[in-house]
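Containing compact mmCIF, C-alpha atoms and all ligand atoms: input-v6.txt.
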```txt
# COMPACT_ATOMS: atom_id res chain seq x y z
CA MET J 1 83.50 94.04 10.42
CA PRO J 2 83.51 97.77 9.85
CA GLN J 3 84.33 99.67 12.95
CA SER J 4 81.52 101.68 14.44
CA ALA J 5 82.45 105.22 15.30
CA ALA J 6 79.61 105.36 17.73
CA PRO J 7 79.84 106.12 21.44
CA GLN J 8 76.15 107.08 21.18
CA SER J 9 73.46 105.62 23.38
CA GLU J 10 72.90 101.90 22.88
CA ALA J 11 69.21 102.17 23.71
CA ASP J 12 66.69 101.60 20.93
CA PRO J 13 65.66 105.13 19.96
CA LEU J 14 62.09 103.95 19.34
CA ALA J 15 61.79 101.74 22.44
CA GLY J 16 58.18 101.39 23.51
CA LEU J 17 56.81 103.02 20.36
CA ARG J 18 54.86 101.21 17.70
CA ARG J 19 55.76 101.59 14.03
CA PRO J 20 55.06 103.36 11.81
CA LEU J 21 55.41 106.49 13.87
CA PHE J 22 54.42 109.99 12.83
CA LEU J 23 56.29 112.96 14.29
CA PRO J 24 54.41 116.21 13.72
CA VAL J 25 56.68 119.19 13.23
CA PHE J 26 56.23 121.29 16.34
CA GLU J 27 57.04 124.95 16.11
CA PRO J 28 56.94 126.58 19.54
CA GLY J 29 54.59 129.55 19.49
CA ASN J 30 52.64 128.44 16.42
CA PRO J 31 49.10 129.85 16.33
CA TYR J 32 47.30 126.50 16.01
CA LEU J 33 48.36 123.90 18.53
CA THR J 34 50.19 123.83 21.83
CA ILE J 35 52.25 120.80 22.71
CA GLY J 36 49.85 120.10 25.57
CA GLU J 37 46.97 119.91 23.09
CA MET J 38 48.98 117.64 20.82
CA THR J 39 49.46 115.26 23.72
CA ALA J 40 46.07 115.46 25.40
CA GLU J 41 43.83 115.76 22.35
CA PHE J 42 45.76 113.75 19.81
CA GLY J 43 47.91 111.36 21.83
CA VAL J 44 51.03 112.50 19.96
CA GLU J 45 53.94 110.28 21.08
CA GLY J 46 56.79 112.17 19.48
CA VAL J 47 57.57 115.46 17.77
CA ILE J 48 60.30 116.93 15.62
CA VAL J 49 61.59 120.37 16.53
CA ASN J 50 63.99 122.57 14.60
CA ALA J 51 67.10 122.83 16.78
CA PHE J 52 68.53 125.63 14.68
CA PHE J 53 65.60 127.93 15.53
CA LEU J 54 66.42 127.37 19.21
CA TYR J 55 70.17 127.61 18.73
CA ARG J 56 70.05 130.96 16.96
CA GLN J 57 68.37 132.56 19.98
CA ARG J 58 71.32 133.48 22.19
CA GLU J 59 69.45 133.24 25.45
CA LEU J 60 68.06 129.78 24.66
CA ARG J 61 71.39 128.58 23.35
CA ARG J 62 72.89 129.34 26.73
CA ARG J 63 70.02 128.18 28.91
CA LEU J 64 68.62 125.12 27.14
CA PRO J 65 71.44 122.64 27.81
CA GLU J 66 70.83 123.03 31.52
CA ARG J 67 67.07 122.91 31.32
CA GLY J 68 66.70 120.31 28.61
CA ILE J 69 64.46 120.32 25.58
CA LYS J 70 61.72 118.21 27.16
CA GLU J 71 61.27 120.49 30.12
CA HIS J 72 61.41 123.48 27.82
CA LEU J 73 58.65 122.07 25.64
CA GLY J 74 56.68 120.51 28.48
CA PHE J 75 56.69 117.19 26.67
CA ASP J 76 57.68 113.73 27.86
CA GLY J 77 57.53 111.88 24.55
CA LEU J 78 60.16 111.30 21.91
CA VAL J 79 61.89 114.46 20.75
CA MET J 80 63.78 114.45 17.49
CA THR J 81 65.60 117.60 16.45
CA ASP J 82 66.36 118.89 13.03
CA SER J 83 69.68 120.58 12.33
CA GLY J 84 68.91 123.62 10.21
CA ALA J 85 70.18 121.86 7.07
CA PHE J 86 67.18 123.08 5.14
CA GLN J 87 67.71 126.67 6.29
CA ALA J 88 71.35 126.35 5.26
CA PHE J 89 70.16 125.22 1.84
CA ARG J 90 67.82 128.20 1.41
CA GLY J 91 70.38 130.83 2.25
CA ARG J 92 73.81 131.50 3.67
CA LEU J 93 74.04 130.19 7.13
CA TYR J 94 77.09 130.18 9.26
CA LEU J 95 76.62 127.03 11.21
CA ARG J 96 79.07 124.25 11.89
CA ASN J 97 78.01 120.63 11.97
CA ARG J 98 79.83 119.91 15.21
CA ASP J 99 78.26 122.89 16.97
CA ILE J 100 74.67 122.09 16.04
CA VAL J 101 75.11 118.37 16.76
CA ARG J 102 76.72 119.12 20.13
CA PHE J 103 73.86 121.48 20.95
CA GLN J 104 71.22 118.87 20.10
CA ASP J 105 72.91 116.30 22.31
CA ALA J 106 73.40 118.79 25.14
CA ILE J 107 69.70 119.71 25.22
CA GLY J 108 68.74 116.04 25.41
CA ALA J 109 67.26 115.28 21.98
CA ASP J 110 66.42 111.58 21.69
CA ILE J 111 67.31 111.68 18.01
CA ALA J 112 69.64 114.36 16.67
CA SER J 113 70.37 115.28 13.07
CA PRO J 114 73.66 116.17 11.41
CA LEU J 115 73.95 119.23 9.20
CA ASP J 116 73.43 117.23 6.03
CA VAL J 117 73.73 118.86 2.62
CA VAL J 118 70.37 119.11 0.87
CA THR J 119 70.59 117.81 -2.71
CA PRO J 120 67.74 118.91 -4.98
CA PRO J 121 66.75 116.83 -8.03
CA GLY J 122 68.39 119.36 -10.38
CA ASP J 123 71.90 118.64 -9.07
CA GLY J 124 74.11 116.76 -11.54
CA PHE J 125 76.03 113.61 -10.65
CA GLU J 126 79.25 115.25 -9.55
CA THR J 127 77.51 117.84 -7.40
CA ALA J 128 75.32 115.17 -5.81
CA GLU J 129 78.35 112.96 -5.20
CA GLY J 130 80.22 115.85 -3.57
CA LYS J 131 77.30 116.67 -1.29
CA LEU J 132 77.00 113.02 -0.39
CA GLY J 133 80.66 112.92 0.62
CA VAL J 134 80.31 116.00 2.84
CA THR J 135 77.13 114.59 4.41
CA MET J 136 78.82 111.26 5.19
CA ASP J 137 81.76 113.06 6.83
CA ARG J 138 79.34 115.05 8.95
CA VAL J 139 77.45 111.91 9.97
CA ALA J 140 80.75 110.30 11.00
CA GLU J 141 81.69 113.44 12.96
CA GLY J 142 78.24 113.52 14.57
CA LEU J 143 78.56 109.90 15.68
CA ARG J 144 81.71 110.81 17.61
CA ILE J 145 79.87 113.65 19.37
CA VAL J 146 76.45 112.29 20.29
CA LYS J 147 76.46 110.50 23.63
CA ARG J 148 73.01 110.83 25.19
CA GLY J 149 70.74 110.24 22.22
CA THR J 150 70.98 108.68 18.79
CA LEU J 151 72.29 110.39 15.68
CA ALA J 152 70.23 110.03 12.53
CA GLY J 153 72.36 108.87 9.63
CA VAL J 154 71.04 111.03 6.84
CA GLN J 155 71.05 109.68 3.32
CA GLN J 156 71.66 112.01 0.40
CA GLY J 157 72.49 111.22 -3.23
CA GLY J 158 70.01 113.38 -5.14
CA ARG J 159 68.28 111.74 -8.06
CA PHE J 160 70.90 109.02 -8.53
CA LEU J 161 69.97 105.60 -7.27
CA ARG J 162 73.61 104.55 -7.45
CA LEU J 163 74.61 107.35 -5.05
CA ARG J 164 71.61 106.65 -2.83
CA HIS J 165 72.77 103.06 -2.56
CA LYS J 166 76.33 104.10 -1.83
CA ALA J 167 75.02 106.33 0.97
CA ALA J 168 72.84 103.61 2.50
CA ALA J 169 75.69 101.09 2.41
CA GLY J 170 78.08 103.67 3.89
CA LEU J 171 75.66 104.45 6.72
CA ALA J 172 75.33 100.74 7.50
CA GLU J 173 79.11 100.54 7.62
CA LEU J 174 79.33 103.47 10.03
CA GLY J 175 77.02 101.55 12.36
CA VAL J 176 74.24 104.13 12.50
CA ARG J 177 71.24 103.07 14.55
CA TYR J 178 68.70 105.25 12.78
CA VAL J 179 68.47 106.30 9.15
CA ALA J 180 66.64 109.26 7.63
CA LEU J 181 66.17 109.63 3.90
CA GLY J 182 66.86 113.21 2.86
CA SER J 183 65.93 115.36 -0.13
CA LEU J 184 63.15 113.09 -1.39
CA VAL J 185 60.25 115.51 -0.89
CA PRO J 186 60.50 117.10 -4.37
CA PHE J 187 60.15 113.65 -5.92
CA PHE J 188 56.97 112.48 -4.23
CA THR J 189 55.22 115.85 -4.23
CA ARG J 190 55.11 115.67 -8.03
CA ASN J 191 51.54 114.53 -8.44
CA HIS J 192 52.01 111.62 -5.97
CA ASP J 193 54.61 109.94 -8.13
CA LEU J 194 55.95 107.33 -5.73
CA GLU J 195 58.44 105.73 -8.03
CA PHE J 196 61.81 107.20 -7.10
CA ALA J 197 61.10 107.45 -3.36
CA ALA J 198 59.84 103.87 -3.26
CA ARG J 199 62.92 102.55 -5.05
CA VAL J 200 65.20 104.45 -2.66
CA ILE J 201 63.29 103.09 0.34
CA ALA J 202 63.42 99.49 -0.92
CA ASP J 203 67.13 99.78 -1.66
CA ALA J 204 67.93 101.35 1.73
CA ARG J 205 65.84 98.77 3.57
CA ALA J 206 67.84 96.01 1.89
CA ALA J 207 71.19 97.68 2.64
CA LEU J 208 70.51 98.25 6.36
CA PRO J 209 70.39 95.77 9.21
CA PRO J 210 66.80 94.74 9.96
CA GLY J 211 65.27 96.73 12.76
CA VAL J 212 67.17 99.96 12.07
CA PRO J 213 64.38 102.55 11.88
CA LEU J 214 63.95 104.08 8.43
CA HIS J 215 62.61 107.63 8.45
CA LEU J 216 61.32 109.39 5.37
CA TYR J 217 61.88 113.11 5.98
CA GLY J 218 58.96 115.35 5.10
CA ALA J 219 56.31 112.72 4.33
CA GLY J 220 52.94 113.61 5.79
CA ASP J 221 50.20 113.13 3.22
CA PRO J 222 47.91 110.35 4.47
CA VAL J 223 47.35 109.05 0.94
CA GLU J 224 51.07 108.29 0.52
CA LEU J 225 52.06 106.98 3.96
CA PRO J 226 50.56 103.49 3.42
CA PHE J 227 52.72 102.96 0.34
CA TYR J 228 55.93 104.04 2.08
CA THR J 229 55.00 101.79 4.97
CA ALA J 230 54.57 98.89 2.57
CA MET J 231 58.07 99.57 1.23
CA GLY J 232 59.54 99.41 4.74
CA CYS J 233 59.49 102.92 6.23
CA ASP J 234 58.98 103.23 9.97
CA VAL J 235 58.96 106.95 10.74
CA PHE J 236 57.52 110.03 9.09
CA ASP J 237 57.58 113.69 10.02
CA SER J 238 55.82 116.62 8.46
CA SER J 239 54.21 119.98 8.89
CA ALA J 240 51.89 119.34 5.93
CA PHE J 241 48.87 119.15 8.23
CA VAL J 242 49.39 122.88 8.87
CA HIS J 243 50.52 123.91 5.37
CA TYR J 244 47.66 122.10 3.71
CA ALA J 245 45.20 123.82 6.05
CA GLU J 246 46.77 127.18 5.26
CA SER J 247 45.96 126.64 1.61
CA ASP J 248 42.46 125.34 2.45
CA SER J 249 43.35 121.76 1.72
CA TYR J 250 41.34 119.08 3.45
CA MET J 251 43.25 115.84 4.02
CA THR J 252 41.55 112.49 3.58
CA PRO J 253 42.99 108.96 3.50
CA PHE J 254 42.38 109.01 -0.27
CA GLY J 255 44.02 112.35 -1.12
CA ALA J 256 43.64 115.99 -0.11
CA LEU J 257 40.81 118.06 -1.52
CA GLU J 258 40.42 121.79 -1.86
CA MET J 259 37.69 122.80 0.57
CA GLU J 260 35.40 123.77 -2.30
CA GLN J 261 35.79 120.33 -3.90
CA ALA J 262 35.28 118.60 -0.59
CA GLY J 263 31.51 118.92 -0.72
CA ARG J 264 31.38 117.12 -4.04
CA VAL J 265 32.81 113.78 -3.01
CA GLU J 266 31.19 111.12 -0.92
CA PHE J 267 33.30 111.01 2.17
CA GLU J 268 32.28 111.29 5.77
CA CYS J 269 35.00 112.16 8.20
CA PRO J 270 34.47 110.66 11.65
CA CYS J 271 36.76 113.11 13.48
CA ARG J 272 35.37 115.39 16.11
CA TYR J 273 36.46 118.54 14.31
CA CYS J 274 34.20 117.81 11.38
CA GLY J 275 30.91 118.38 13.05
CA GLU J 276 27.72 119.19 11.26
CA GLY J 277 28.00 118.99 7.50
CA GLY J 278 31.04 116.77 7.92
CA ARG J 279 33.59 119.53 7.26
CA PRO J 280 35.63 121.78 9.56
CA VAL J 281 34.22 125.27 10.03
CA ASP J 282 37.43 127.28 10.15
CA ARG J 283 41.21 127.06 9.71
CA PRO J 284 42.10 126.01 13.26
CA ALA J 285 39.55 123.20 12.96
CA LEU J 286 41.00 122.25 9.56
CA VAL J 287 44.52 122.00 11.05
CA ARG J 288 43.12 119.68 13.71
CA HIS J 289 41.16 117.64 11.21
CA ASN J 290 44.30 117.23 9.10
CA LEU J 291 46.48 116.17 12.02
CA TRP J 292 43.80 113.77 13.20
CA THR J 293 43.61 112.26 9.69
CA VAL J 294 47.38 111.67 9.55
CA LEU J 295 47.47 110.08 13.01
CA ASP J 296 44.38 107.97 12.39
CA THR J 297 45.91 106.71 9.13
CA VAL J 298 49.12 105.79 10.94
CA GLU J 299 47.17 104.01 13.68
CA GLY J 300 45.39 101.99 10.98
CA LEU J 301 48.73 101.12 9.38
CA ARG J 302 50.09 99.82 12.68
CA ARG J 303 47.11 97.51 12.91
CA LEU J 304 47.41 96.37 9.29
CA ARG J 305 51.13 95.77 9.65
CA ALA J 306 50.57 93.65 12.75
CA GLU J 307 47.49 91.78 11.62
CA GLY J 308 47.87 91.69 7.83
CA GLY J 309 45.65 93.27 5.21
CA LEU J 310 47.91 96.12 4.16
CA ASP J 311 47.78 95.16 0.50
CA ALA J 312 43.97 95.13 0.43
CA TYR J 313 44.04 98.59 2.05
CA LEU J 314 46.42 99.89 -0.63
CA GLN J 315 44.05 98.63 -3.31
CA GLU J 316 41.14 100.42 -1.65
CA VAL J 317 43.12 103.67 -1.45
CA LEU J 318 44.08 103.40 -5.12
CA ARG J 319 40.50 102.68 -6.18
CA VAL J 320 39.02 105.75 -4.45
CA HIS J 321 41.99 108.02 -5.23
CA ASP J 322 41.80 107.14 -8.90
CA ARG J 323 38.12 108.01 -9.02
CA TRP J 324 38.69 111.38 -7.35
CA PHE J 325 41.93 112.25 -9.15
CA PRO J 326 42.01 110.55 -12.55
CA ASP J 327 45.22 112.37 -13.56
CA SER J 328 47.22 111.38 -10.49
CA ALA J 329 50.49 109.45 -10.88
CA LEU J 330 49.83 107.41 -7.72
CA ALA J 331 48.36 104.27 -9.30
CA PRO J 332 50.58 104.11 -12.41
CA SER J 333 53.75 104.69 -10.37
CA TRP J 334 52.73 102.06 -7.82
CA ASP J 335 52.00 99.55 -10.62
CA ARG J 336 55.51 100.03 -12.00
CA ILE J 337 57.11 99.55 -8.59
CA ARG J 338 55.13 96.41 -7.82
CA ARG J 339 56.06 94.93 -11.15
CA ASP J 340 59.75 95.76 -10.86
CA GLU J 341 60.08 94.78 -7.20
CA GLY J 342 58.23 91.53 -7.87
CA MET J 343 55.50 92.32 -5.36
CA PRO J 344 52.13 90.54 -5.54
ZN ZN J 401 37.54 115.52 10.08
```

Could I get this structure in the form of structure tokens?
Ligand SMILES: [Zn+2]
Amino acid sequence: MPQSAAPQSEADPLAGLRRPLFLPVFEPGNPYLTIGEMTAEFGVEGVIVNAFFLYRQRELRRRLPERGIKEHLGFDGLVMTDSGAFQAFRGRLYLRNRDIVRFQDAIGADIASPLDVVTPPGDGFETAEGKLGVTMDRVAEGLRIVKRGTLAGVQQGGRFLRLRHKAAAGLAELGVRYVALGSLVPFFTRNHDLEFAARVIADARAALPPGVPLHLYGAGDPVELPFYTAMGCDVFDSSAFVHYAESDSYMTPFGALEMEQAGRVEFECPCRYCGEGGRPVDRPALVRHNLWTVLDTVEGLRRLRAEGGLDAYLQEVLRVHDRWFPDSALAPSWDRIRRDEGMP
């Protein structure tokens, strides 16, 4: 038996929550939604917050450990924090793994993230392997630090399935109780091509003990979530509901439409933000419509996962999506995966 490095909390990080679970990215002070509205209007059960944005504000860095993140946010649900890894990737950032992990644990994050090393698809094998090694060391270090919550074991490995597998197996060996798949966003945002992400998910699911939550970082398009759920993902997080709205993109369960296209398809949204005419009237309403669509999709997936019928739902999504977006890679990529994974 590999020895677990983990003094972390033994409690199930998702206790009491149904899967799949969607964690909207919550940015304090954003112009669209308060956390109170997310809870009261949308029934949001958990959020993801960028710990680095809090940590870099001196006053908060000092005060937050005493007050706690939940009191600070005014939120009782699940709080996962992000480490600033993505900010580190975009520019020089002087931030040590142990400091940001310690901070996340001190402020009472239920799930904390290590400072993993983002690995874009352009990285060659040796670079990706090096970043994987550093990420694994930081996960191991994080496991020795986190005591109150649970540390997410972050998988890297770039575009190499062999490295992805090595990472998943290594995380299982470290005894992580939660796994997040990193650096996959650039793969699935290419015209809904599910192939690489789906293979990574299937491989990780097989390498990890059953029941360990599998989180796909950055997935938040309602047309894709059902497919990742079918492959075995349990948790998603995203700010796409805001970003899509900012570029006038209207989410539907069958794919997002530009607002000007939206009038040309037959689709009636039942949400309360799409009033007369069936479309939101302004950007704040579009943000709400988008968030509602993601959460409603996830609620449907919980039902389908419990009661059966997920495959029929996937077929329905593919049928409509294909009619609306004939050039999309969604259906052809899904066909290849089903064939290769031996799915019905
Ligand atoms: Zn709507």

Would you write out, as a tab-separated table, a table of all residues in chain J that have an atom no more than 9 Å from an atom of ligand ZN 401 (chain J), listing for each the closest atom pair and the distance in Å to one decimal, considering only C-alpha atoms and all ligand atoms and ordering rows by chain and rising residue number?
```
residue	atom	partner	partner_atom	distance
J:Tyr250	CA	J:ZN401	ZN	8.4
J:Met251	CA	J:ZN401	ZN	8.3
J:Thr252	CA	J:ZN401	ZN	8.2
J:Glu268	CA	J:ZN401	ZN	8.0
J:Cys269	CA	J:ZN401	ZN	4.6
J:Pro270	CA	J:ZN401	ZN	6.0
J:Cys271	CA	J:ZN401	ZN	4.2
J:Arg272	CA	J:ZN401	ZN	6.4
J:Tyr273	CA	J:ZN401	ZN	5.3
J:Cys274	CA	J:ZN401	ZN	4.3
J:Gly275	CA	J:ZN401	ZN	7.8
J:Gly278	CA	J:ZN401	ZN	7.0
J:Arg279	CA	J:ZN401	ZN	6.3
J:Pro280	CA	J:ZN401	ZN	6.6
J:Ala285	CA	J:ZN401	ZN	8.4
J:Leu286	CA	J:ZN401	ZN	7.6
J:Arg288	CA	J:ZN401	ZN	7.8
J:His289	CA	J:ZN401	ZN	4.3
J:Asn290	CA	J:ZN401	ZN	7.0
J:Trp292	CA	J:ZN401	ZN	7.2
J:Thr293	CA	J:ZN401	ZN	6.9
```

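Comparing the minimum interatomic distances between Gly308 of chain J and each of J:Val179, J:Ala230, J:Gly130, J:Pro28, counting all atoms listed in the file, we find that J:Ala230 sits nearest.
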
| task | Could you please give me, as a list in words, the residues of protein, DNA or RNA lying at most 12 Å from (62.2, 94.4, -8.7) in the coordinate frame of the file, considering all atoms listed in the file? | result | Glu195, Ala198, Arg199, Ala202, Asp203, Met231, Asp335, Arg336, Ile337, Arg338, Arg339, Asp340, Glu341, Gly342, Met343 and Pro344 of chain J

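Across the model, the gap from atom CA of Leu181 of chain J to atom CA of Ala204 of chain J is 8.7 Å.
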
| task | For each of J:Gly182, J:Gly211, J:Gly220, J:Pro332, take the minimum atom-to-atom distance to Lys131 of chain J, counting all atoms listed in the file, then give the residue where this is smallest. | result | J:Gly182

| message | Taking (64.0, 113.7, 26.0) in the coordinates of the supplied file, I want to know which residues reach to within 6 Å of it, counting all atoms listed in the file; could you give the answer as a ChimeraX atom specification? | response | /J:70,79,108-110

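Between Pro186 of chain J and the residues J:Ser247, J:Thr119, J:Ser328, J:Gln104, the shortest atom-to-atom distance, using only C-alpha atoms, involves J:Thr119.
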
List the neighbours of Pro284 of chain J out to 9 Å using all atoms listed in the file; skip same-chain residues closer than 5 positions along the sequence, and give me the result as an mmCIF file with C-alpha atoms, in the frame of the given file.
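Produced file result_4.cif, reproduced below:
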```
data_model
loop_
_atom_site.group_PDB
_atom_site.id
_atom_site.type_symbol
_atom_site.label_atom_id
_atom_site.label_comp_id
_atom_site.auth_asym_id
_atom_site.auth_seq_id
_atom_site.Cartn_x
_atom_site.Cartn_y
_atom_site.Cartn_z
ATOM 1 C CA PRO J 31 49.100 129.850 16.330
ATOM 2 C CA TYR J 32 47.300 126.500 16.010
ATOM 3 C CA LEU J 33 48.360 123.900 18.530
ATOM 4 C CA ALA J 245 45.200 123.820 6.050
ATOM 5 C CA HIS J 289 41.160 117.640 11.210
#
```

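The coordinates place atom CA of Arg102 of chain J at 10.4 Å from atom CA of Leu143 of chain J.
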
| field | Nearest-residue call for Leu216 of chain J, choices J:Val294, J:Phe254, J:Glu266, J:Pro20, using all atoms listed in the file | value | J:Pro20
